[in-house]
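Presented below is the structure to which this report refers.
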Amino acid sequence: MKGWLELTEVTVMCAIAGFRGYDAPVKVQEMLGVLKHRGPDATGVYHDSQIRVRTAKGECIGDAPPSDDIAVGHNLLSIVGGPQPVSGEGVLVFNGEIYNQEELDWTGSDSELILDLIEGHGGDLEDALRFTVNQIDGDYAFAYTDGENLAVVRDPVGVKPLYHSGEAFASERKALWRLGLRDVETLPPGHALINGERVKLRGLPREEPSDAEPAELRDDLKSSLKESVERRVRGLDGAALVFSGGVDSTLLAVLLDEHIDVRLYTVGLPGSSDPKFASRAAEDLGMELEVLEVTEDTIREALPHVLGAIEEYNLMKIGVAMPLYLASKAASADGYRVMFSGQGADELFAGYHRYRHLLAEGKLGEALRHDLENIYHVNLERDDAATMANSVELRVPFLDLRVIGVAMSIPAHLKIHGPEDELRKRILREAALEMGVPEYIAMRPKKAAQYGSGIDKVLRRKILPEFDHEAFMRRLMEPSGSSSSN
């Protein structure tokens, strides 16, 4: 946009927020103030023919379509993009990453690509949005308005969060709670909310089991994982990886190390299993590892921050989020803005213990599909919140759409060899061995992060019984008590 503020970085992660109704720009400003941790580099708001963007370099004002009662806003965490909103015939705010720009012969920003696809399609807004999400491949949440219509859209897997109450929306629930809104819902993956009406735009790849030989399926899996990582490191010189010393994170370490400088972070109490395996694996791979040794005091101090990030009192989610929060906090202090995770591998390749019994009952495929379709509210929203609390974007290569398609084509017996198979994820482990993961890691039994770090036991026995979580959640959900902007 002519005369627009320039940032030296050109991919963005951030917060988005919007409101239709009385005092819309003030309410959006208030929500963006709550979400400042998600995007500390710039704040932009559209309302009634103007876009105002503030950065450390000053303020810029641009023209936009007229609207009396719609406002949308954006907080920028700059990794490789400029400030938003962006405008054409309408206005768009975007949180996420588009991975197939090269295939689409696009050289501008991700937000400009989406705006171009929507407005280049013409015609009905729902059709234009459906066309757009079927063209792009990425992790995203975005909102578009032409001044009259307001639409918000979420990616098909649900990697990026999006919550709404009526036609108010935001990247985190607490922003909507600040306005006094209580009927807050999560927008399901692959859906749009168009003028308050929910519409499905795109689903996950269909399950089509293949009759190819196991070696061919392993090759397809290796190829899809390599491509997924390659797409997710474009524009990066370095990144962090939350590292447990398990097969999923170690495989990512091997693949990432081919392209960028990657630093590994593992979290655990003294004597816990994750730091032990992670240290040995990092040494054998010749990679840099930071072991974050935690204590009861560390966990006690972090608990309010973790609970404030994930916005719900759930023991399992707190236990999993805690090591991710601590790892991303350390990575942020070291200057990293992107962290990778092995999230999604268990749902794709049958990593959980309960899957053995479902295999015996002939229900494994159905269960994996169900868990994948629900991973957004079980795991992904929690993980995004835990890292973005430290202004660190999380990328999850296992949840690439092509990887998902390949995984869903693999017959169940190649994932679990039978009801007595304690290791599970067999084809992934075999592929990892072929790609350079040490055997003692590739065949290491799964141990969930809250157990491998030792954090779960401390939380259950020593900290949570003393913590007044009901009072904490009441305070978190309190409205601002004021209509003034932050």
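Each chain in the structure tokens gets a letter, A, B and so on, in the order shown; residues start at 1 in every chain, and ligands are counted from 1 in the order they appear.
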
Can you tell me which residues surround Met435 (chain A) at a distance of at most 10 Å, considering only C-alpha atoms, apart from same-chain residues fewer than 4 positions away, and format the answer as a PyMOL selection string? chain A and resi 222+226+251+254-255+429-431

Expected file contents, prior selection, C-alpha atoms, as a tab-separated table (two decimals), in the first residue's frame:
chain	number	residue	atom	x	y	z
A	222	LYS	CA	9.27	-39.90	4.11
A	226	LYS	CA	10.52	-33.90	4.07
A	251	LEU	CA	12.79	-37.17	13.43
A	254	VAL	CA	17.04	-34.64	11.78
A	255	LEU	CA	14.88	-33.10	9.03
A	429	ARG	CA	9.41	-45.68	13.55
A	430	GLU	CA	10.65	-47.66	10.53
A	431	ALA	CA	10.70	-44.52	8.39

With region 131-151 of chain A as the partner and 9 Å as the cut-off, tabulate the residues of region 195-312 of chain A that qualify, each row holding the nearest pair of atoms and their distance in Å to one decimal, using only C-alpha atoms, sorted by chain and rising number, as CSV.
residue,atom,partner,partner_atom,distance
A:Asn195,CA,A:Leu150,CA,5.3
A:Gly196,CA,A:Ala151,CA,8.1
A:Leu201,CA,A:Val133,CA,7.3
A:Arg202,CA,A:Asn134,CA,7.0

Store the residues picked out above, limited to N, CA and C atoms, as a short mmCIF file (atom, residue, chain, number, x, y, z; two decimals), in the first residue's frame.
data_model
loop_
_atom_site.label_atom_id
_atom_site.label_comp_id
_atom_site.auth_asym_id
_atom_site.auth_seq_id
_atom_site.Cartn_x
_atom_site.Cartn_y
_atom_site.Cartn_z
N ASN A 195 -21.38 -13.34 8.34
CA ASN A 195 -22.49 -12.55 8.88
C ASN A 195 -23.24 -13.33 9.97
N GLY A 196 -22.47 -14.01 10.80
CA GLY A 196 -23.03 -14.73 11.94
C GLY A 196 -23.50 -16.13 11.65
N LEU A 201 -16.37 -24.98 4.74
CA LEU A 201 -15.73 -24.70 3.47
C LEU A 201 -14.85 -25.84 2.98
N ARG A 202 -14.14 -26.49 3.88
CA ARG A 202 -13.18 -27.51 3.46
C ARG A 202 -12.93 -28.50 4.59
#

Quick one: DSSP strand (DSSP E) residues in region 253-427 of chain A, as a PyMOL selection string? chain A and resi 261-268+288-293+338-340+393-395

Can you write just those residues out, N, CA and C atoms, as a compact mmCIF listing (two decimals), in the first residue's frame?
# COMPACT_ATOMS: atom_id res chain seq x y z
N ASP A 261 19.62 -23.70 11.13
CA ASP A 261 20.18 -23.90 12.46
C ASP A 261 19.02 -24.13 13.42
N VAL A 262 19.03 -25.25 14.12
CA VAL A 262 17.94 -25.57 15.02
C VAL A 262 18.52 -25.84 16.41
N ARG A 263 17.87 -25.26 17.40
CA ARG A 263 18.28 -25.47 18.79
C ARG A 263 17.19 -26.25 19.50
N LEU A 264 17.59 -27.27 20.25
CA LEU A 264 16.65 -28.15 20.91
C LEU A 264 16.45 -27.71 22.36
N TYR A 265 15.21 -27.85 22.83
CA TYR A 265 14.87 -27.51 24.21
C TYR A 265 14.11 -28.67 24.84
N THR A 266 14.60 -29.14 25.98
CA THR A 266 13.89 -30.18 26.71
C THR A 266 13.70 -29.73 28.14
N VAL A 267 12.60 -30.15 28.74
CA VAL A 267 12.20 -29.71 30.06
C VAL A 267 12.00 -30.92 30.95
N GLY A 268 12.50 -30.86 32.19
CA GLY A 268 12.25 -31.96 33.10
C GLY A 268 12.83 -31.75 34.48
N GLU A 288 22.70 -28.86 19.16
CA GLU A 288 22.73 -28.07 20.37
C GLU A 288 21.44 -28.26 21.16
N LEU A 289 21.59 -28.58 22.44
CA LEU A 289 20.45 -28.85 23.31
C LEU A 289 20.54 -27.99 24.57
N GLU A 290 19.42 -27.37 24.93
CA GLU A 290 19.32 -26.70 26.22
C GLU A 290 18.38 -27.51 27.10
N VAL A 291 18.92 -28.02 28.20
CA VAL A 291 18.13 -28.78 29.17
C VAL A 291 17.64 -27.82 30.24
N LEU A 292 16.34 -27.67 30.35
CA LEU A 292 15.74 -26.78 31.34
C LEU A 292 15.32 -27.62 32.54
N GLU A 293 16.16 -27.62 33.54
CA GLU A 293 15.89 -28.42 34.74
C GLU A 293 14.95 -27.64 35.65
N VAL A 338 10.12 -18.77 16.29
CA VAL A 338 9.46 -19.96 15.74
C VAL A 338 9.96 -21.19 16.48
N MET A 339 9.03 -22.03 16.89
CA MET A 339 9.36 -23.31 17.53
C MET A 339 8.58 -24.42 16.83
N PHE A 340 9.24 -25.55 16.63
CA PHE A 340 8.60 -26.71 16.00
C PHE A 340 8.21 -27.73 17.06
N GLU A 393 5.80 -18.51 17.77
CA GLU A 393 4.88 -19.24 16.89
C GLU A 393 5.25 -20.72 16.86
N LEU A 394 4.24 -21.59 16.94
CA LEU A 394 4.46 -23.04 16.91
C LEU A 394 4.10 -23.58 15.53
N ARG A 395 5.00 -24.39 14.95
CA ARG A 395 4.73 -25.04 13.67
C ARG A 395 4.74 -26.56 13.85

Could you make a table, as CSV, of the residues of region 271-366 of chain A that have an atom within 12 Å of an atom of region 457-480 of chain A, each with its nearest atom pair and distance in Å to one decimal, counting only C-alpha atoms, in chain and number order?
residue,atom,partner,partner_atom,distance
A:Ser272,CA,A:Lys457,CA,11.0
A:Val294,CA,A:Val458,CA,10.7
A:Thr295,CA,A:Val458,CA,8.9
A:Glu296,CA,A:Val458,CA,6.6
A:Asp297,CA,A:Ile463,CA,9.3
A:Thr298,CA,A:Val458,CA,10.7
A:Ile299,CA,A:Leu459,CA,7.7
A:Arg300,CA,A:Ile463,CA,6.4
A:Glu301,CA,A:Ile463,CA,10.1
A:Ala302,CA,A:Ile463,CA,11.0
A:Leu303,CA,A:Ile463,CA,8.8
A:Pro304,CA,A:Phe472,CA,8.0
A:His305,CA,A:Phe472,CA,10.9
A:Val306,CA,A:Phe472,CA,11.8
A:Leu307,CA,A:Met473,CA,8.4
A:Gly308,CA,A:Leu476,CA,7.0
A:Ala309,CA,A:Leu476,CA,10.0
A:Ile310,CA,A:Met473,CA,10.9
A:Glu311,CA,A:Met473,CA,7.7
A:Glu312,CA,A:Met473,CA,7.5
A:Tyr313,CA,A:His469,CA,7.0
A:Asn314,CA,A:His469,CA,10.1
A:Leu315,CA,A:Arg460,CA,8.1
A:Met316,CA,A:Arg460,CA,10.2
A:Lys317,CA,A:Leu459,CA,11.7
A:Ile318,CA,A:Leu459,CA,8.8
A:Gly319,CA,A:Leu459,CA,7.5
A:Val320,CA,A:Leu459,CA,11.2
A:Met322,CA,A:Leu459,CA,10.0

May I have the selected residues written with N, CA and C atoms, as an mmCIF file, in the first residue's frame?
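Result went into selection.cif, see below:
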data_model
loop_
_atom_site.group_PDB
_atom_site.id
_atom_site.type_symbol
_atom_site.label_atom_id
_atom_site.label_comp_id
_atom_site.auth_asym_id
_atom_site.auth_seq_id
_atom_site.Cartn_x
_atom_site.Cartn_y
_atom_site.Cartn_z
ATOM 1 N N SER A 272 14.311 -37.179 35.584
ATOM 2 C CA SER A 272 13.204 -37.572 34.705
ATOM 3 C C SER A 272 13.746 -38.107 33.383
ATOM 4 N N VAL A 294 13.781 -28.186 35.901
ATOM 5 C CA VAL A 294 12.766 -27.471 36.666
ATOM 6 C C VAL A 294 12.646 -28.059 38.062
ATOM 7 N N THR A 295 12.084 -27.267 38.947
ATOM 8 C CA THR A 295 11.859 -27.658 40.325
ATOM 9 C C THR A 295 10.396 -27.416 40.677
ATOM 10 N N GLU A 296 10.019 -27.789 41.872
ATOM 11 C CA GLU A 296 8.665 -27.509 42.332
ATOM 12 C C GLU A 296 8.382 -26.013 42.304
ATOM 13 N N ASP A 297 9.364 -25.205 42.680
ATOM 14 C CA ASP A 297 9.175 -23.756 42.675
ATOM 15 C C ASP A 297 8.983 -23.224 41.253
ATOM 16 N N THR A 298 9.728 -23.781 40.285
ATOM 17 C CA THR A 298 9.574 -23.368 38.887
ATOM 18 C C THR A 298 8.149 -23.619 38.409
ATOM 19 N N ILE A 299 7.642 -24.795 38.721
ATOM 20 C CA ILE A 299 6.306 -25.182 38.272
ATOM 21 C C ILE A 299 5.249 -24.329 38.966
ATOM 22 N N ARG A 300 5.437 -24.077 40.258
ATOM 23 C CA ARG A 300 4.485 -23.269 41.015
ATOM 24 C C ARG A 300 4.419 -21.850 40.445
ATOM 25 N N GLU A 301 5.569 -21.289 40.124
ATOM 26 C CA GLU A 301 5.622 -19.940 39.579
ATOM 27 C C GLU A 301 5.000 -19.859 38.191
ATOM 28 N N ALA A 302 5.186 -20.914 37.384
ATOM 29 C CA ALA A 302 4.679 -20.902 36.006
ATOM 30 C C ALA A 302 3.182 -21.186 35.918
ATOM 31 N N LEU A 303 2.607 -21.837 36.930
ATOM 32 C CA LEU A 303 1.223 -22.296 36.838
ATOM 33 C C LEU A 303 0.229 -21.186 36.479
ATOM 34 N N PRO A 304 0.239 -20.012 37.144
ATOM 35 C CA PRO A 304 -0.728 -18.985 36.751
ATOM 36 C C PRO A 304 -0.564 -18.525 35.308
ATOM 37 N N HIS A 305 0.673 -18.473 34.819
ATOM 38 C CA HIS A 305 0.908 -18.063 33.435
ATOM 39 C C HIS A 305 0.373 -19.113 32.454
ATOM 40 N N VAL A 306 0.594 -20.387 32.775
ATOM 41 C CA VAL A 306 0.103 -21.463 31.907
ATOM 42 C C VAL A 306 -1.413 -21.492 31.904
ATOM 43 N N LEU A 307 -2.016 -21.401 33.090
ATOM 44 C CA LEU A 307 -3.474 -21.438 33.172
ATOM 45 C C LEU A 307 -4.084 -20.211 32.502
ATOM 46 N N GLY A 308 -3.446 -19.062 32.649
ATOM 47 C CA GLY A 308 -3.927 -17.860 31.972
ATOM 48 C C GLY A 308 -3.821 -17.973 30.466
ATOM 49 N N ALA A 309 -2.831 -18.735 29.985
ATOM 50 C CA ALA A 309 -2.664 -18.919 28.541
ATOM 51 C C ALA A 309 -3.701 -19.877 27.977
ATOM 52 N N ILE A 310 -3.868 -21.046 28.611
ATOM 53 C CA ILE A 310 -4.733 -22.064 28.022
ATOM 54 C C ILE A 310 -6.202 -21.832 28.359
ATOM 55 N N GLU A 311 -6.491 -20.984 29.355
ATOM 56 C CA GLU A 311 -7.839 -20.472 29.613
ATOM 57 C C GLU A 311 -8.838 -21.531 30.071
ATOM 58 N N GLU A 312 -8.353 -22.624 30.626
ATOM 59 C CA GLU A 312 -9.264 -23.624 31.183
ATOM 60 C C GLU A 312 -8.511 -24.468 32.203
ATOM 61 N N TYR A 313 -9.236 -24.892 33.242
ATOM 62 C CA TYR A 313 -8.620 -25.715 34.272
ATOM 63 C C TYR A 313 -8.842 -27.178 33.899
ATOM 64 N N ASN A 314 -7.813 -27.772 33.337
ATOM 65 C CA ASN A 314 -7.852 -29.166 32.905
ATOM 66 C C ASN A 314 -6.480 -29.751 33.222
ATOM 67 N N LEU A 315 -6.438 -30.733 34.126
ATOM 68 C CA LEU A 315 -5.157 -31.226 34.634
ATOM 69 C C LEU A 315 -4.253 -31.746 33.527
ATOM 70 N N MET A 316 -4.819 -32.527 32.599
ATOM 71 C CA MET A 316 -3.997 -33.058 31.518
ATOM 72 C C MET A 316 -3.430 -31.930 30.661
ATOM 73 N N LYS A 317 -4.275 -30.950 30.331
ATOM 74 C CA LYS A 317 -3.815 -29.854 29.474
ATOM 75 C C LYS A 317 -2.766 -29.007 30.176
ATOM 76 N N ILE A 318 -2.918 -28.789 31.475
ATOM 77 C CA ILE A 318 -1.912 -28.028 32.216
ATOM 78 C C ILE A 318 -0.576 -28.776 32.201
ATOM 79 N N GLY A 319 -0.635 -30.088 32.432
ATOM 80 C CA GLY A 319 0.591 -30.888 32.470
ATOM 81 C C GLY A 319 1.336 -30.914 31.154
ATOM 82 N N VAL A 320 0.599 -30.935 30.052
ATOM 83 C CA VAL A 320 1.232 -30.930 28.730
ATOM 84 C C VAL A 320 1.709 -29.534 28.357
ATOM 85 N N MET A 322 2.667 -27.117 30.343
ATOM 86 C CA MET A 322 3.743 -26.589 31.183
ATOM 87 C C MET A 322 5.124 -26.724 30.538
#

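Distances from A:Ala281, A:Leu423, A:Val392, A:Leu326 to Ile455 (chain A) were compared using only C-alpha atoms, and the smallest one belongs to A:Leu326.
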
Near Glu420 (chain A), within 12 Å and counting only C-alpha atoms, which residues show up once chain neighbours fewer than 4 positions away are dropped, as a compact mmCIF listing (two decimals) with C-alpha atoms, in the first residue's frame?
# COMPACT_ATOMS: atom_id res chain seq x y z
CA HIS A 353 -1.96 -47.10 24.30
CA ARG A 354 -5.74 -47.29 23.90
CA TYR A 355 -5.41 -47.72 20.13
CA ARG A 356 -4.27 -51.35 20.59
CA HIS A 357 -7.67 -52.39 21.88
CA LEU A 358 -9.46 -50.44 19.18
CA LEU A 359 -7.43 -52.32 16.57
CA ALA A 360 -8.61 -55.62 18.03
CA ILE A 416 0.06 -51.33 15.10
CA ARG A 424 2.80 -48.74 18.14

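Distances from A:Gln50, A:Asn95, A:Ser210, A:Ser409 to Gly62 (chain A) were compared using only C-alpha atoms, and the smallest one belongs to A:Gln50.
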
Could you give me, as a VMD selection string, each residue of region 231-464 of chain A that DSSP assigns to alpha helix (DSSP H) when run on this structure's backbone? chain A and resid 231 to 232 247 to 257 273 to 285 296 to 310 315 to 333 345 to 349 355 to 360 364 to 373 375 381 to 388 401 to 409 426 to 434 439 to 442 449 to 452 455 to 458

Write a file of the selected residues as a compact mmCIF listing (two decimals), in the first residue's frame, keeping C-alpha atoms.
# COMPACT_ATOMS: atom_id res chain seq x y z
CA ARG A 231 7.82 -25.64 3.29
CA ARG A 232 7.79 -24.68 6.95
CA VAL A 247 10.79 -40.58 17.86
CA ASP A 248 8.57 -37.68 16.71
CA SER A 249 10.74 -34.80 17.89
CA THR A 250 13.99 -36.55 16.98
CA LEU A 251 12.79 -37.17 13.43
CA LEU A 252 11.93 -33.48 13.14
CA ALA A 253 15.37 -32.57 14.51
CA VAL A 254 17.04 -34.64 11.78
CA LEU A 255 14.88 -33.10 9.03
CA LEU A 256 15.17 -29.51 10.30
CA ASP A 257 18.94 -29.80 10.62
CA SER A 273 13.39 -39.60 31.49
CA ASP A 274 13.02 -36.91 28.80
CA PRO A 275 16.23 -34.97 29.62
CA LYS A 276 18.16 -38.24 29.81
CA PHE A 277 17.10 -39.48 26.36
CA ALA A 278 17.18 -35.99 24.84
CA SER A 279 20.78 -35.39 26.00
CA ARG A 280 22.01 -38.67 24.55
CA ALA A 281 20.17 -38.14 21.25
CA ALA A 282 21.40 -34.55 20.85
CA GLU A 283 24.99 -35.63 21.48
CA ASP A 284 24.76 -38.47 18.96
CA LEU A 285 23.21 -36.14 16.37
CA GLU A 296 8.67 -27.51 42.33
CA ASP A 297 9.17 -23.76 42.68
CA THR A 298 9.57 -23.37 38.89
CA ILE A 299 6.31 -25.18 38.27
CA ARG A 300 4.48 -23.27 41.01
CA GLU A 301 5.62 -19.94 39.58
CA ALA A 302 4.68 -20.90 36.01
CA LEU A 303 1.22 -22.30 36.84
CA PRO A 304 -0.73 -18.99 36.75
CA HIS A 305 0.91 -18.06 33.43
CA VAL A 306 0.10 -21.46 31.91
CA LEU A 307 -3.47 -21.44 33.17
CA GLY A 308 -3.93 -17.86 31.97
CA ALA A 309 -2.66 -18.92 28.54
CA ILE A 310 -4.73 -22.06 28.02
CA LEU A 315 -5.16 -31.23 34.63
CA MET A 316 -4.00 -33.06 31.52
CA LYS A 317 -3.82 -29.85 29.47
CA ILE A 318 -1.91 -28.03 32.22
CA GLY A 319 0.59 -30.89 32.47
CA VAL A 320 1.23 -30.93 28.73
CA ALA A 321 1.27 -27.15 28.34
CA MET A 322 3.74 -26.59 31.18
CA PRO A 323 6.89 -28.00 29.45
CA LEU A 324 5.88 -26.32 26.19
CA TYR A 325 5.40 -22.99 27.95
CA LEU A 326 8.77 -23.26 29.73
CA ALA A 327 10.57 -24.35 26.55
CA SER A 328 9.09 -21.52 24.48
CA LYS A 329 9.88 -19.02 27.24
CA ALA A 330 13.54 -20.05 27.10
CA ALA A 331 13.51 -20.00 23.28
CA SER A 332 12.02 -16.51 23.27
CA ALA A 333 14.73 -15.31 25.66
CA ALA A 345 2.04 -37.92 15.07
CA ASP A 346 0.19 -40.00 17.67
CA GLU A 347 -3.21 -39.33 16.12
CA LEU A 348 -1.95 -40.09 12.61
CA PHE A 349 0.11 -43.20 13.35
CA TYR A 355 -5.41 -47.72 20.13
CA ARG A 356 -4.27 -51.35 20.59
CA HIS A 357 -7.67 -52.39 21.88
CA LEU A 358 -9.46 -50.44 19.18
CA LEU A 359 -7.43 -52.32 16.57
CA ALA A 360 -8.61 -55.62 18.03
CA LEU A 364 -8.96 -48.11 14.91
CA GLY A 365 -9.56 -46.24 11.64
CA GLU A 366 -12.73 -44.67 12.97
CA ALA A 367 -10.97 -43.65 16.22
CA LEU A 368 -8.00 -42.10 14.42
CA ARG A 369 -10.32 -40.07 12.19
CA HIS A 370 -12.30 -38.90 15.22
CA ASP A 371 -9.15 -37.91 17.13
CA LEU A 372 -7.72 -36.05 14.15
CA GLU A 373 -10.96 -34.13 13.62
CA ILE A 375 -7.23 -32.44 17.77
CA GLU A 381 -5.48 -24.60 20.87
CA ARG A 382 -3.60 -25.42 24.08
CA ASP A 383 -0.23 -25.65 22.34
CA ASP A 384 -0.70 -22.43 20.38
CA ALA A 385 -1.66 -20.59 23.57
CA ALA A 386 1.31 -21.96 25.54
CA THR A 387 3.92 -20.75 23.03
CA MET A 388 2.21 -17.54 21.93
CA LEU A 401 -2.39 -31.88 4.65
CA ARG A 402 -0.26 -34.12 2.43
CA VAL A 403 1.21 -35.90 5.45
CA ILE A 404 -2.32 -36.40 6.76
CA GLY A 405 -3.41 -37.82 3.41
CA VAL A 406 -0.49 -40.26 3.30
CA ALA A 407 -1.05 -41.31 6.91
CA MET A 408 -4.72 -41.98 6.29
CA SER A 409 -3.84 -44.21 3.33
CA ARG A 426 5.44 -48.89 13.64
CA ILE A 427 5.63 -47.48 10.12
CA LEU A 428 6.69 -44.07 11.42
CA ARG A 429 9.41 -45.68 13.55
CA GLU A 430 10.65 -47.66 10.53
CA ALA A 431 10.70 -44.52 8.39
CA ALA A 432 12.55 -42.64 11.13
CA LEU A 433 15.24 -45.32 11.24
CA GLU A 434 15.70 -45.02 7.48
CA GLU A 439 17.52 -47.02 16.90
CA TYR A 440 17.32 -46.51 20.67
CA ILE A 441 15.17 -43.43 19.98
CA ALA A 442 13.16 -44.81 17.05
CA ALA A 449 5.36 -34.92 27.98
CA GLN A 450 3.79 -34.47 31.41
CA TYR A 451 5.15 -37.85 32.51
CA GLY A 452 8.50 -37.83 30.71
CA ILE A 455 5.85 -32.43 35.93
CA ASP A 456 2.54 -34.29 36.27
CA LYS A 457 3.45 -35.87 39.60
CA VAL A 458 4.50 -32.53 41.13

My list of candidates is A:Arg20, A:Glu361, A:Glu97, A:Arg337. Which is closest to Pro40 (chain A) when distances are computed with only C-alpha atoms?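 Result for the nearest residue to Pro40 (chain A): A:Arg337.
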
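With CA of Val157 (chain A) on one side and CA of Glu207 (chain A) on the other, the separation reads 14.8 Å.
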
Write out as a count of residues only each polymer residue whose atoms come within 12 Å of Gly122 (chain A), counting only C-alpha atoms; drop sequence neighbours fewer than 6 positions from it. 9

Have a look at A:Val378, A:Val34, A:Leu76, A:Leu414 and name the one nearest to Arg54 (chain A); count only C-alpha atoms.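 Going through A:Val378, A:Val34, A:Leu76, A:Leu414 one by one, the smallest distance to Arg54 (chain A) is for A:Leu76.
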
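CA of Leu113 (chain A) is positioned 16.7 Å from CA of Asp127 (chain A).
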